[in-house]
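Colleague: So that we are looking at the same thing, I have put the structure below in structure tokens.
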Amino acid sequence: MNRVTGIGGIFFKAKDAPALQAWYKRHLGIDVQEWGGTAFSWSDSNDKPTGGTTIWAVSSEKSDQFAPSQAPFMINYRVEDLHAVAALKAEGCNVLDKIDESEYGKFAWVIDPEGNKVELWQPPLGQ
């Protein structure tokens with residue numbers, strides 16, 4: 001399997017998600033959308049779009065989005081072939097038995113040795 005090809009997203013929890021989102025918007029200029037985050041579009045050195053994005057989002061500390069992990073964050077890594085997660089299982093990794101497919105691509109999850117949930121994402125073709 002071609003392993004990680006980039007970072008697709010950074011997700012973290014906050015005690016007061018709306019206040020923290022507003023802070024990032026006001027002070028760092030991040031265009032936080034109603035859903036709690038933004039999509040940074042990739043571009044080349046001439047500012048020409050290159051077809052990729054990185055998601056950044058803040059959610060409530062009460063969210064179970066990162067379960068079974070208790071960590072306050074989750075990193076999403078881009079991969080080329082998500083169905084090859086079988087290789088991770090064969091290597092003894094704790095791969096969650098679920099693959100989600102949507103218009104946003106394919107997603108699977110693995111728990112690292114420290115108990116952090118790691119999201120693997122195969123973007124749709126052309127992204």
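By order of appearance in the structure tokens: chains A, B, ..., then residues from 1 within every chain, and ligands from 1 in the order shown.
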Counting only C-alpha atoms, which residues of region 16-76 of chain A sit at most 10 Å from some atom of region 2-8 of chain A, and what is each one's closest atom pair with its distance in Å to one decimal, listed by chain and rising residue number, as CSV?
Modeller:
```
residue,atom,partner,partner_atom,distance
A:Ala39,CA,A:Gly8,CA,9.6
A:Phe40,CA,A:Gly8,CA,9.7
A:Gly52,CA,A:Gly8,CA,8.5
A:Thr53,CA,A:Gly8,CA,6.7
A:Thr54,CA,A:Gly8,CA,4.6
A:Ile55,CA,A:Gly8,CA,6.2
A:Trp56,CA,A:Gly8,CA,8.8
A:Ile75,CA,A:Ile7,CA,7.5
A:Asn76,CA,A:Gly8,CA,5.1
```
Colleague: Per DSSP on the backbone, filter region 1-47 of chain A down to the residues in strand (DSSP E or B) and report them as a ChimeraX atom specification.
Modeller: /A:4-14,37-43
Colleague: Could you write out the selected residues, including C-alpha atoms, as a tab-separated table (two decimals), in the first residue's frame?
Modeller:
```
chain	number	residue	atom	x	y	z
A	4	VAL	CA	0.60	8.44	3.80
A	5	THR	CA	0.89	11.01	1.02
A	6	GLY	CA	0.03	14.12	3.05
A	7	ILE	CA	-2.10	15.60	5.81
A	8	GLY	CA	-5.79	15.84	4.96
A	9	GLY	CA	-6.99	17.42	8.17
A	10	ILE	CA	-6.39	18.43	11.75
A	11	PHE	CA	-9.30	18.15	14.17
A	12	PHE	CA	-9.31	19.09	17.83
A	13	LYS	CA	-11.68	19.57	20.73
A	14	ALA	CA	-12.19	22.69	22.80
A	37	GLY	CA	-13.80	24.62	10.48
A	38	THR	CA	-12.37	25.53	7.13
A	39	ALA	CA	-10.86	23.88	4.07
A	40	PHE	CA	-7.46	25.21	3.08
A	41	SER	CA	-7.08	24.80	-0.68
A	42	TRP	CA	-3.68	23.80	-1.97
A	43	SER	CA	-1.92	25.93	-4.54
```
Colleague: So how many Å separate CA of Phe107 (chain A) and CA of Trp121 (chain A), to one decimal?
Modeller: 4.7 Å
Colleague: Which residue gives the smallest distance to Ala57 (chain A) among A:Val85, A:Ile30, A:Cys93, A:Ala71, with only C-alpha atoms counted?
Modeller: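 That would be A:Ile30, the residue with the smallest distance to Ala57 (chain A).
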Colleague: Go through region 20-93 of chain A and flag each residue having an atom no more than 10 Å from region 110-116 of chain A; for those, report the closest pair of atoms plus their distance in Å to one decimal, using only C-alpha atoms, ordered by chain and rising number, as CSV.
Modeller:
```
residue,atom,partner,partner_atom,distance
A:Phe66,CA,A:Asn116,CA,8.2
A:Ala67,CA,A:Asn116,CA,9.0
A:Pro68,CA,A:Gly115,CA,8.3
A:Ser69,CA,A:Asn116,CA,5.3
A:Gln70,CA,A:Asn116,CA,7.4
A:Ala71,CA,A:Asn116,CA,6.0
A:Pro72,CA,A:Asn116,CA,9.0
A:Phe73,CA,A:Asn116,CA,8.1
A:Met74,CA,A:Asn116,CA,7.2
A:Ile75,CA,A:Asn116,CA,9.1
A:Val85,CA,A:Val110,CA,8.9
A:Leu88,CA,A:Val110,CA,8.5
A:Lys89,CA,A:Val110,CA,9.2
A:Cys93,CA,A:Val110,CA,7.1
```
